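Student: Sending over data-v5.csv (CSV, C-alpha atoms).
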chain,number,residue,atom,x,y,z
O,211,MET,CA,173.0,89.3,34.4
O,212,VAL,CA,175.0,86.4,33.0
O,213,ASP,CA,173.7,85.1,29.7
O,214,TYR,CA,173.5,81.4,30.4
O,215,PRO,CA,172.8,78.9,27.6
O,216,SER,CA,169.2,78.1,27.1
O,217,GLY,CA,167.9,75.4,29.5
O,218,PHE,CA,170.5,76.3,32.1
O,219,ARG,CA,168.2,78.4,34.2
O,220,MET,CA,165.9,76.7,36.7
O,221,PRO,CA,163.0,78.0,38.8
O,222,ARG,CA,164.2,77.3,42.4
O,223,GLY,CA,167.3,76.1,44.1
O,224,TYR,CA,170.1,76.5,46.5
O,225,VAL,CA,173.4,78.2,45.8
O,226,ILE,CA,176.6,77.2,47.7
O,227,TYR,CA,179.8,79.1,47.4
O,228,ALA,CA,183.1,77.2,47.9
O,229,HIS,CA,186.6,78.3,47.5
O,230,ASN,CA,189.3,76.0,48.9
O,231,ASN,CA,192.4,77.4,50.6
O,232,PRO,CA,195.4,75.3,51.4
O,233,ASN,CA,194.0,74.3,54.8
O,234,ILE,CA,190.2,74.1,54.3
O,235,ASP,CA,188.4,72.0,51.7
O,236,TYR,CA,185.3,74.1,51.2
O,237,GLY,CA,184.5,72.1,48.1
O,238,SER,CA,184.0,68.9,50.1
O,239,MET,CA,181.9,70.8,52.6
O,240,ALA,CA,179.7,72.0,49.7
O,241,LEU,CA,179.4,68.4,48.4
O,242,CYS,CA,178.3,67.1,51.8
O,243,ASN,CA,175.7,69.9,52.2
O,244,ALA,CA,174.4,69.5,48.6
O,245,LEU,CA,173.9,65.8,49.2
O,246,LEU,CA,172.1,66.5,52.5
O,247,ILE,CA,169.8,68.9,50.6
O,248,LYS,CA,169.0,66.1,48.2
O,249,LYS,CA,168.3,63.8,51.1
O,250,HIS,CA,166.1,66.1,53.2
O,251,LEU,CA,164.4,68.6,51.0
O,252,LYS,CA,161.7,68.3,48.4
O,253,GLU,CA,162.9,71.3,46.4
O,254,ASN,CA,166.5,70.3,46.1
O,255,ALA,CA,168.3,71.8,43.0
O,256,VAL,CA,171.8,72.9,44.0
O,257,ALA,CA,174.2,75.1,42.1
O,258,LEU,CA,177.9,75.3,43.2
O,259,ILE,CA,179.7,78.6,42.5
O,260,SER,CA,183.4,78.0,42.8
O,261,ASP,CA,186.8,78.6,41.2
O,262,LYS,CA,188.6,76.4,38.7
O,263,GLY,CA,191.0,75.1,41.4
O,264,THR,CA,188.3,73.9,43.8
O,265,ILE,CA,186.2,72.3,41.0
O,266,GLY,CA,189.4,70.6,39.7
O,267,TYR,CA,190.1,69.3,43.3
O,268,LEU,CA,186.5,67.9,43.5
O,269,GLU,CA,186.8,66.2,40.1
O,270,ASN,CA,190.1,64.6,41.1
O,271,ASN,CA,188.8,63.4,44.5
O,272,TYR,CA,185.2,62.3,43.9
O,273,ASP,CA,183.4,60.2,41.4
O,274,ASP,CA,181.8,62.0,38.6
O,275,SER,CA,178.4,60.4,39.3
O,276,LEU,CA,178.6,61.7,42.9
O,277,LEU,CA,179.3,65.2,41.8
O,278,ARG,CA,176.4,65.0,39.3
O,279,ARG,CA,174.1,63.7,42.0
O,280,ALA,CA,175.0,66.6,44.3
O,281,PHE,CA,175.2,69.5,41.9
O,282,ASP,CA,172.7,70.4,39.3
O,283,ARG,CA,174.8,73.3,38.1
O,284,MET,CA,178.5,74.2,38.5
O,285,ILE,CA,179.5,77.8,37.8
O,286,VAL,CA,183.0,79.1,37.7
O,287,ASP,CA,183.6,82.5,39.3
O,288,ASP,CA,187.3,83.0,40.3
O,289,PRO,CA,187.6,85.5,43.1
O,290,ASP,CA,190.5,87.9,43.1
O,291,THR,CA,192.7,86.2,45.5
O,292,THR,CA,195.3,89.0,45.4
O,293,VAL,CA,193.0,91.0,47.6
O,294,ALA,CA,192.0,88.1,49.8
O,295,ALA,CA,193.1,88.7,53.4
O,296,SER,CA,194.1,86.1,56.0
O,297,ARG,CA,192.0,85.1,59.0
O,298,ARG,CA,192.6,82.8,61.9
O,299,PHE,CA,190.5,79.6,62.0
O,300,PHE,CA,190.0,77.6,65.2
O,301,ASP,CA,189.8,73.9,65.5
O,302,THR,CA,188.5,73.7,69.1
O,303,ARG,CA,190.0,75.9,71.8
O,304,TYR,CA,193.3,74.1,71.5
O,305,SER,CA,194.3,74.5,67.9
O,306,ASN,CA,194.3,77.3,65.4
O,307,PHE,CA,195.8,78.2,62.1
O,308,THR,CA,195.9,81.1,59.7
O,309,ASP,CA,194.9,81.0,56.1
O,310,GLN,CA,193.4,83.0,53.3
O,311,TYR,CA,189.6,83.8,53.3
O,312,ARG,CA,188.6,83.7,49.7
O,313,ASN,CA,184.9,84.0,50.0
O,314,LEU,CA,184.8,87.4,48.5
O,315,ASN,CA,182.5,87.1,45.5
O,316,ARG,CA,179.2,86.3,47.1
O,317,PRO,CA,177.7,89.7,46.3
O,318,ASN,CA,177.9,88.6,42.6
O,319,ILE,CA,175.2,86.0,43.3
O,320,TYR,CA,172.4,88.1,41.9
O,321,ASP,CA,174.0,88.0,38.4
O,322,LEU,CA,175.3,84.4,38.7
O,323,THR,CA,172.5,82.4,40.2
O,324,PRO,CA,170.8,80.2,37.7
O,325,PHE,CA,167.5,80.2,39.7
O,326,GLU,CA,164.6,82.6,39.7
O,327,GLU,CA,164.2,82.0,43.5
O,328,THR,CA,167.4,81.4,45.3
O,329,ILE,CA,168.4,80.3,48.8
O,330,MET,CA,172.1,81.1,49.2
O,331,ILE,CA,173.7,79.1,52.0
O,332,ASP,CA,177.1,78.7,53.5
O,333,ALA,CA,178.9,75.4,52.6
O,334,ASP,CA,179.1,74.6,56.3
O,335,TYR,CA,175.4,75.3,57.1
O,336,LEU,CA,174.3,71.7,57.2
O,337,MET,CA,170.7,71.0,56.1
O,338,LEU,CA,169.5,68.4,58.6
O,339,ASP,CA,165.8,68.9,58.3
O,340,ASP,CA,163.1,70.1,55.8
O,341,THR,CA,162.3,73.5,57.3
O,342,PHE,CA,163.6,75.3,54.2
O,343,ASP,CA,160.9,73.7,52.0
O,344,ASN,CA,158.6,76.3,53.6
O,345,THR,CA,160.5,79.2,52.1
O,346,TRP,CA,159.7,78.9,48.4
O,347,GLY,CA,157.1,81.1,46.7
O,348,ASN,CA,157.0,83.6,49.6
O,349,VAL,CA,155.5,87.0,49.2
O,350,GLU,CA,158.7,88.5,50.5
O,351,ASP,CA,161.5,88.9,47.9
O,352,PHE,CA,164.4,89.0,50.4
O,353,MET,CA,164.7,87.1,53.7
O,354,CYS,CA,167.5,86.4,56.1
O,355,ASN,CA,168.0,86.1,59.9
O,356,ARG,CA,169.1,88.4,62.6
O,357,LYS,CA,169.0,86.0,65.6
O,358,THR,CA,171.5,83.3,66.4
O,359,ARG,CA,171.6,80.6,68.9
O,360,ASP,CA,174.5,78.4,69.9
O,361,LEU,CA,174.3,74.8,71.0
O,362,ASP,CA,174.0,75.8,74.6
O,363,HIS,CA,171.0,78.0,73.6
O,364,LYS,CA,172.7,81.3,74.3
O,365,THR,CA,171.3,84.0,72.0
O,366,ASN,CA,173.6,87.0,72.6
O,367,ASN,CA,176.6,85.2,71.2
O,368,PHE,CA,178.6,88.1,69.9
O,369,GLY,CA,177.7,90.7,72.4
O,370,PHE,CA,175.7,93.9,71.8
O,371,ASP,CA,172.5,91.9,71.1
O,372,ASN,CA,173.7,91.0,67.6
O,373,ARG,CA,174.7,94.5,66.6
O,374,PHE,CA,178.1,95.8,65.5
O,375,ASN,CA,178.4,97.6,68.8
O,376,GLU,CA,176.1,99.1,71.5
O,377,MET,CA,175.3,102.1,69.3
O,378,SER,CA,175.3,100.6,65.9
O,379,ILE,CA,173.0,98.8,63.4
O,380,PRO,CA,171.5,95.3,63.6
O,381,LEU,CA,173.6,92.5,62.4
O,382,TYR,CA,172.1,90.2,59.7
O,383,TRP,CA,173.6,86.9,58.9
O,384,ALA,CA,174.5,85.9,55.4
O,385,THR,CA,174.6,82.2,56.4
O,386,ALA,CA,171.3,81.7,54.7
O,387,VAL,CA,169.6,84.3,52.4
O,388,TYR,CA,166.5,83.9,50.3
O,389,PHE,CA,165.9,86.2,47.4
O,390,THR,CA,164.0,86.5,44.1
O,391,LYS,CA,164.9,88.5,41.1
O,392,THR,CA,163.5,91.9,42.1
O,393,GLU,CA,164.8,95.5,42.2
O,394,LYS,CA,165.2,95.3,46.0
O,395,SER,CA,167.3,92.2,45.9
O,396,GLN,CA,169.5,93.5,43.1
O,397,LEU,CA,170.0,96.8,45.0
O,398,ILE,CA,171.1,95.0,48.2
O,399,PHE,CA,173.7,92.9,46.3
O,400,GLN,CA,174.9,95.9,44.4
O,401,LEU,CA,175.3,97.7,47.6
O,402,MET,CA,177.3,94.8,49.1
O,403,ASN,CA,179.7,95.0,46.2
O,404,PHE,CA,180.0,98.7,46.7
O,405,ILE,CA,180.7,98.3,50.4
O,406,LYS,CA,183.3,95.6,49.6
O,407,GLU,CA,185.1,98.0,47.3
O,408,ASN,CA,185.1,100.7,50.1
O,409,TYR,CA,185.4,98.4,53.1
O,410,ALA,CA,187.8,100.6,55.1
O,411,TYR,CA,185.5,103.6,54.8
O,412,TYR,CA,182.4,101.6,56.0
O,413,GLN,CA,184.4,100.1,58.8
O,414,TYR,CA,185.2,103.6,60.0
O,415,LEU,CA,181.6,104.8,59.4
O,416,TYR,CA,179.9,101.9,61.2
O,417,ARG,CA,182.7,101.4,63.7
O,418,PHE,CA,182.7,97.6,63.5
O,419,HIS,CA,185.7,95.5,64.6
O,420,HIS,CA,187.7,94.8,61.4
O,421,SER,CA,189.1,91.3,61.7
O,422,GLY,CA,191.3,91.9,58.7
O,423,TYR,CA,189.2,90.2,56.1
O,424,PHE,CA,186.0,91.0,54.2
O,425,ARG,CA,182.9,89.8,56.1
O,426,ASN,CA,179.8,89.1,54.0
O,427,ASP,CA,177.6,89.5,57.2
O,428,TYR,CA,178.8,93.0,57.7
O,429,ALA,CA,178.4,94.0,54.1
O,430,LEU,CA,174.9,92.5,54.1
O,431,SER,CA,173.9,94.4,57.3
O,432,ILE,CA,175.2,97.7,56.0
O,433,ALA,CA,173.5,97.2,52.6
O,434,ILE,CA,170.2,96.5,54.4
O,435,HIS,CA,170.6,99.6,56.5
O,436,ILE,CA,171.4,101.8,53.5
O,437,ALA,CA,168.5,100.2,51.5
O,438,ASN,CA,166.2,101.1,54.5
O,439,ASN,CA,167.1,104.8,54.0
O,440,PHE,CA,169.5,104.6,57.0
O,441,MET,CA,166.7,103.7,59.3
O,442,GLU,CA,166.2,100.7,61.5
O,443,TYR,CA,162.9,99.0,60.9
O,444,ASN,CA,162.1,95.4,60.2
O,445,SER,CA,162.0,95.6,56.4
O,446,ILE,CA,163.7,92.2,56.2
O,447,SER,CA,161.6,89.2,57.3
O,448,ASN,CA,162.9,86.0,58.8
O,449,LEU,CA,163.4,82.7,57.1
O,450,PRO,CA,160.9,80.0,58.3
O,451,THR,CA,163.2,79.4,61.3
O,452,ASP,CA,163.7,82.7,63.1
O,453,HIS,CA,167.3,82.1,64.0
O,454,ILE,CA,170.5,80.5,62.8
O,455,MET,CA,171.6,77.6,65.0
O,456,PHE,CA,175.4,77.4,65.1
O,457,SER,CA,178.2,75.4,66.6
O,458,LEU,CA,181.1,77.6,67.6
O,459,GLU,CA,184.7,77.1,66.5
O,460,ASP,CA,185.5,75.9,70.0
O,461,ASP,CA,183.2,73.0,69.6
O,462,GLU,CA,184.3,69.5,68.6
O,463,PHE,CA,182.2,67.6,66.0
O,464,HIS,CA,182.7,64.0,67.2
O,465,ARG,CA,180.4,61.9,65.0
O,466,PHE,CA,177.8,62.1,62.3
O,467,SER,CA,175.3,59.3,62.7
O,468,ASP,CA,171.9,58.7,61.1
O,469,GLY,CA,171.5,62.4,60.1
O,470,GLN,CA,172.5,63.7,63.5
O,471,CYS,CA,175.6,65.5,64.7
O,472,TYR,CA,177.2,64.6,68.0
O,473,ILE,CA,179.0,67.7,69.1
O,474,THR,CA,180.6,68.8,72.4
O,475,SER,CA,180.6,72.5,73.2
O,476,GLU,CA,183.1,73.9,75.7
O,477,PRO,CA,181.7,77.2,77.0
O,478,ALA,CA,184.6,77.4,79.6
O,479,PRO,CA,187.9,75.5,79.4
O,480,GLY,CA,187.3,71.9,80.5
O,481,ASP,CA,183.5,72.3,80.8
O,482,PHE,CA,182.3,69.9,78.1
O,483,HIS,CA,178.6,69.7,77.1
O,484,LEU,CA,177.4,67.0,74.8
O,485,HIS,CA,174.8,67.8,72.1
O,486,ARG,CA,172.9,65.7,69.6
O,487,VAL,CA,172.0,68.2,66.9
O,488,ILE,CA,168.8,67.4,64.9
O,489,SER,CA,168.1,70.7,63.2
O,490,ASN,CA,169.9,72.8,60.6
O,491,VAL,CA,173.2,73.9,62.0
O,492,HIS,CA,176.1,76.2,61.0
O,493,ILE,CA,179.3,74.4,61.9
O,494,MET,CA,182.0,77.0,62.4
O,495,ASN,CA,184.8,74.5,63.2
O,496,LYS,CA,185.4,73.6,59.6
O,497,ARG,CA,188.1,71.0,60.2
O,498,ALA,CA,185.9,69.2,62.6
O,499,LEU,CA,183.2,69.1,59.9
O,500,LEU,CA,185.6,67.7,57.4
O,501,ARG,CA,186.7,65.0,59.8
O,502,ASN,CA,183.1,63.7,59.4
O,503,LYS,CA,182.7,64.2,55.6
O,504,ASP,CA,182.8,60.5,54.8
O,505,GLU,CA,180.0,59.7,57.2
O,506,ILE,CA,177.9,62.6,56.0
O,507,ILE,CA,178.3,61.5,52.3
O,508,ARG,CA,177.6,57.9,53.2
O,509,TYR,CA,174.4,58.8,55.0
O,510,ALA,CA,173.2,61.3,52.4
O,511,ILE,CA,173.5,58.9,49.5
O,512,SER,CA,172.0,55.9,51.4
Y,38,MET,CA,187.7,65.3,95.4
Y,39,ASP,CA,185.0,65.0,98.1
Y,40,GLU,CA,182.5,62.3,97.0
Y,41,ARG,CA,179.6,64.6,97.7
Y,42,LEU,CA,181.0,67.3,95.5
Y,43,GLN,CA,181.8,64.8,92.8
Y,44,LYS,CA,178.2,63.6,92.8
Y,45,ALA,CA,176.9,67.2,92.8
Y,46,LEU,CA,179.0,68.0,89.8
Y,47,GLU,CA,177.9,64.9,87.9
Y,48,PHE,CA,174.3,65.8,88.6
Y,49,SER,CA,174.8,69.4,87.4
Y,50,ARG,CA,176.3,68.0,84.2
Y,51,TYR,CA,173.3,65.8,83.8
Y,52,ARG,CA,171.0,68.8,84.4
Y,53,ILE,CA,172.8,70.9,81.7
Y,54,ALA,CA,172.5,68.0,79.2
Y,55,LEU,CA,168.8,67.6,80.1
Y,56,PHE,CA,168.2,71.4,79.6
Y,57,ASN,CA,170.0,71.4,76.3
Y,58,ARG,CA,168.1,68.4,75.0
Y,59,LYS,CA,164.8,69.9,76.0
Y,60,GLU,CA,165.6,73.1,74.3
Y,61,ASP,CA,166.7,71.2,71.2
Y,62,LEU,CA,163.4,69.4,71.2
Y,63,LYS,CA,161.4,72.6,71.5
Y,64,LEU,CA,163.3,74.0,68.5
Y,65,LYS,CA,162.7,70.9,66.5
Y,66,VAL,CA,159.0,71.0,67.3
Y,67,ASN,CA,158.8,74.6,66.4
Y,68,ASN,CA,160.3,73.8,63.0
Y,69,MET,CA,157.9,71.0,62.5
Y,70,LEU,CA,155.0,73.4,63.2
Y,71,VAL,CA,155.9,75.7,60.3
Y,72,HIS,CA,153.5,75.6,57.4
Y,73,SER,CA,153.8,77.6,54.3
Y,74,TYR,CA,150.7,78.5,52.2
Y,75,ASN,CA,150.3,80.8,49.2
Y,76,GLY,CA,153.5,82.7,49.9
Y,77,GLY,CA,152.9,83.0,53.7
Y,78,ILE,CA,154.6,81.3,56.6
Y,79,PHE,CA,152.3,80.1,59.4
Y,80,LYS,CA,153.0,78.3,62.6
Y,81,SER,CA,150.4,75.7,63.5
Y,82,SER,CA,149.2,76.6,67.0
Y,83,GLN,CA,146.2,76.0,69.2
Y,84,GLU,CA,145.2,79.6,68.6
Y,85,LEU,CA,145.4,79.3,64.8
Y,86,ILE,CA,143.6,75.9,64.7
Y,87,THR,CA,140.8,77.2,66.9
Y,88,PHE,CA,140.4,80.4,64.8
Y,89,VAL,CA,140.3,78.5,61.5
Y,90,LYS,CA,137.8,76.1,63.0
Y,91,LEU,CA,135.7,79.0,64.0
Y,92,LEU,CA,135.8,80.4,60.4
Y,93,LEU,CA,134.9,76.9,59.1
Y,94,ASP,CA,132.0,76.7,61.5
Y,95,GLN,CA,130.7,80.0,60.0
Y,96,GLU,CA,131.0,78.3,56.6
Y,97,ARG,CA,133.7,80.4,55.3
Y,98,THR,CA,136.0,78.8,52.7
Y,99,ARG,CA,138.1,81.7,51.5
Y,100,VAL,CA,139.7,84.2,54.0
Y,101,VAL,CA,142.7,86.4,54.6
Y,102,LEU,CA,145.0,85.5,57.5
Y,103,ILE,CA,148.1,87.3,58.8
Y,104,ASP,CA,151.2,85.2,58.6
Y,105,GLU,CA,154.3,85.1,60.9
Y,106,ASN,CA,155.9,87.9,59.0
Y,107,GLY,CA,152.8,90.1,59.3
Y,108,ASN,CA,151.8,89.7,55.6
Y,109,PRO,CA,148.1,89.3,54.6
Y,110,ILE,CA,147.8,85.9,52.9
Y,111,GLU,CA,144.7,84.8,51.1
Y,112,ILE,CA,143.7,81.3,52.1
Y,113,THR,CA,141.8,80.0,49.0
Y,114,ASP,CA,140.9,76.6,50.4
Y,115,LEU,CA,140.3,76.9,54.1
Y,116,PRO,CA,139.2,73.3,54.7
Y,117,ALA,CA,142.5,72.0,53.2
Y,118,PHE,CA,144.5,74.6,55.1
Y,119,PHE,CA,142.8,73.4,58.3
Y,120,ASP,CA,143.6,69.8,57.6
Y,121,ASP,CA,147.2,70.7,57.0
Y,122,ILE,CA,147.8,72.7,60.2
Y,123,PHE,CA,145.8,70.2,62.2
Y,124,SER,CA,147.8,67.2,61.1
Y,125,LYS,CA,151.1,69.2,61.4
Y,126,TYR,CA,150.2,70.2,65.0
Y,127,PHE,CA,149.6,66.6,66.1
Y,128,GLU,CA,152.6,65.2,64.2
Y,129,ALA,CA,154.8,67.7,66.0
Y,130,THR,CA,153.2,67.2,69.5
Y,131,ASN,CA,153.2,63.4,69.2
Y,132,TYR,CA,156.9,63.6,68.3
Y,133,TYR,CA,157.5,65.9,71.2
Y,134,HIS,CA,155.6,63.6,73.6
Y,135,THR,CA,157.6,60.5,72.5
Y,136,GLU,CA,160.9,62.2,72.8
Y,137,TYR,CA,160.0,63.9,76.1
Y,138,SER,CA,158.8,60.6,77.6
Y,139,ASN,CA,162.2,59.0,76.8
Y,140,LEU,CA,163.9,62.0,78.4
Y,141,ARG,CA,161.9,61.6,81.6
Y,142,THR,CA,163.4,58.1,82.2
Y,143,ALA,CA,167.0,59.1,81.2
Y,144,ARG,CA,169.2,59.3,84.3
Y,145,SER,CA,172.6,60.0,82.7
Y,146,VAL,CA,174.1,62.2,80.0
Y,147,SER,CA,174.7,59.3,77.7
Y,148,SER,CA,171.1,58.1,78.0
Y,149,ILE,CA,169.7,61.6,77.4
Y,150,TYR,CA,171.4,61.5,74.0
Y,151,GLU,CA,170.9,57.8,73.4
Y,152,PHE,CA,174.6,57.9,72.8
Y,153,VAL,CA,176.0,54.5,72.1
Y,154,ASP,CA,179.8,54.4,72.0
Y,155,GLY,CA,181.6,52.5,69.3
Would you mind writing the structure in this file as structure tokens?

Tutor:
Amino acid sequence: MVDYPSGFRMPRGYVIYAHNNPNIDYGSMALCNALLIKKHLKENAVALISDKGTIGYLENNYDDSLLRRAFDRMIVDDPDTTVAASRRFFDTRYSNFTDQYRNLNRPNIYDLTPFEETIMIDADYLMLDDTFDNTWGNVEDFMCNRKTRDLDHKTNNFGFDNRFNEMSIPLYWATAVYFTKTEKSQLIFQLMNFIKENYAYYQYLYRFHHSGYFRNDYALSIAIHIANNFMEYNSISNLPTDHIMFSLEDDEFHRFSDGQCYITSEPAPGDFHLHRVISNVHIMNKRALLRNKDEIIRYAIS
Amino acid sequence: MDERLQKALEFSRYRIALFNRKEDLKLKVNNMLVHSYNGGIFKSSQELITFVKLLLDQERTRVVLIDENGNPIEITDLPAFFDDIFSKYFEATNYYHTEYSNLRTARSVSSIYEFVDG
């Protein structure tokens, strides 16, 4: 556990990880999301865990008062970028690029969080409503979701009913994770770190498709499976919403207006469906999200 | 393209948008029905409201209820709990009704989403 100065720790709050790469400004995404949390939620303390480069970028590009308004705490944890692998990012069906995926140090959160009760969320999981206010003080010490739903309301989005493969373990999503400081939570994060260090072995053991970079979702799912004594039972409860709503990388995020996202999905080439998203949503097309960052910030501080 | 086919395709696009919007609304309403109490997560429903009312009619003020995650949660102030789930239920259903009524008169994709270009 990190020995923070006295007064640094807080009872409840959100932790957002953000590590910029040359193509994607995760820091600005985290800023947008932190401001949305302040706007929509009653319990709204936010800590940013980031690297010196990303924090420096934020300080150079945004007013100090805006950063202070968004983030109650900023914690530096530089990931080891020498082991960071590349992944392909899509910006709709028609454009893609490859860059480093540096989000490797999330399993350290148990030691780094300044909160007694923490909700760790992805920088691109936009908080558009107040559902997460129902999470705090829960009798469960660790909660996350198994189910997903895309904007066209399909639920088996990655095949295999959200499992690694047809004969493998359930897939849990690290998009949003609630935990308190207990032995069970500590064990799961320690296991995630162990799995990260031995990723190739676990890939072989659990036979998941290795996309070339470390996936927090996979490490979390394996950690939960190991913590369950290699059994499958529902030891992990859902967050107040029983699924993660997400917008695929193929989708285009056209406009953010009055707290709502106007997005088109394209389930088949040329088949465009318009959506007005009014609930929390994970935006996987990160560049599209960043094209709307000014509107999100303007709305969130209004 | 044949005019009849064009019209059919436009209509199917409208039907998809209508379906998605209705599903979005259901999810939103489901979220609005969530109520947390004493470490438990409850969903305000007709069943829960009726059961709690029954308990109140029997002059119980302190009971244990099973929450959405299957945990036993002690309700220490049942009248206050009832008021909360009751008002939450109607807040959500009134919202649903208003939005659903707007949808019933929408005849195009843009009107379904109240999308104003510009």

Student: Kindly determine which residues of chain O lie within 6 Å of chain Y, considering all atoms listed in the file, and give the answer as an NGL selection string.

Tutor: :O and (344 or 347-349)

Student: How many Å lie between atom CA of Asp339 of chain O and atom CA of Thr323 of chain O, rounded to one decimal?

Tutor: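 Taking atom CA of Asp339 of chain O and atom CA of Thr323 of chain O, their separation equals 23.6 Å.
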
Student: Would you pick out the contacts of Phe424 of chain O at 10 Å or less, using only C-alpha atoms, so that residues sharing its chain but fewer than 2 positions from it are not included, and give the list as a PyMOL selection string?

Tutor: chain O and resi 293-297+311-314+405-407+409-410+420-422+426-429

Student: Could you check how far atom CA of Lys357 of chain O sits from atom CA of Thr392 of chain O, in Å to one decimal?

Tutor: 24.8 Å

Student: Might you pull out every residue within 10 Å of Thr113 of chain Y, with only C-alpha atoms counted and same-chain residues fewer than 2 positions away left off, and present them as a CSV table (one decimal) with C-alpha atoms, keeping the file's coordinate frame?

Tutor:
chain,number,residue,atom,x,y,z
Y,74,TYR,CA,150.7,78.5,52.2
Y,75,ASN,CA,150.3,80.8,49.2
Y,98,THR,CA,136.0,78.8,52.7
Y,99,ARG,CA,138.1,81.7,51.5
Y,100,VAL,CA,139.7,84.2,54.0
Y,101,VAL,CA,142.7,86.4,54.6
Y,110,ILE,CA,147.8,85.9,52.9
Y,111,GLU,CA,144.7,84.8,51.1
Y,115,LEU,CA,140.3,76.9,54.1
Y,116,PRO,CA,139.2,73.3,54.7
Y,117,ALA,CA,142.5,72.0,53.2
Y,118,PHE,CA,144.5,74.6,55.1

Student: If you count all atoms listed in the file, which residues fall within 6 Å of segment 495-512 of chain O, apart from same-chain ones fewer than 3 positions away, as a PyMOL selection string?

Tutor: chain O and resi 242+245-246+249+301+459+463

Student: Pull the neighbourhood of (164.1, 85.2, 37.8) for me: all residues within 10 Å in file coordinates, counting all atoms listed in the file, as a ChimeraX atom specification.

Tutor: /O:219-222,320,323-328,389-392
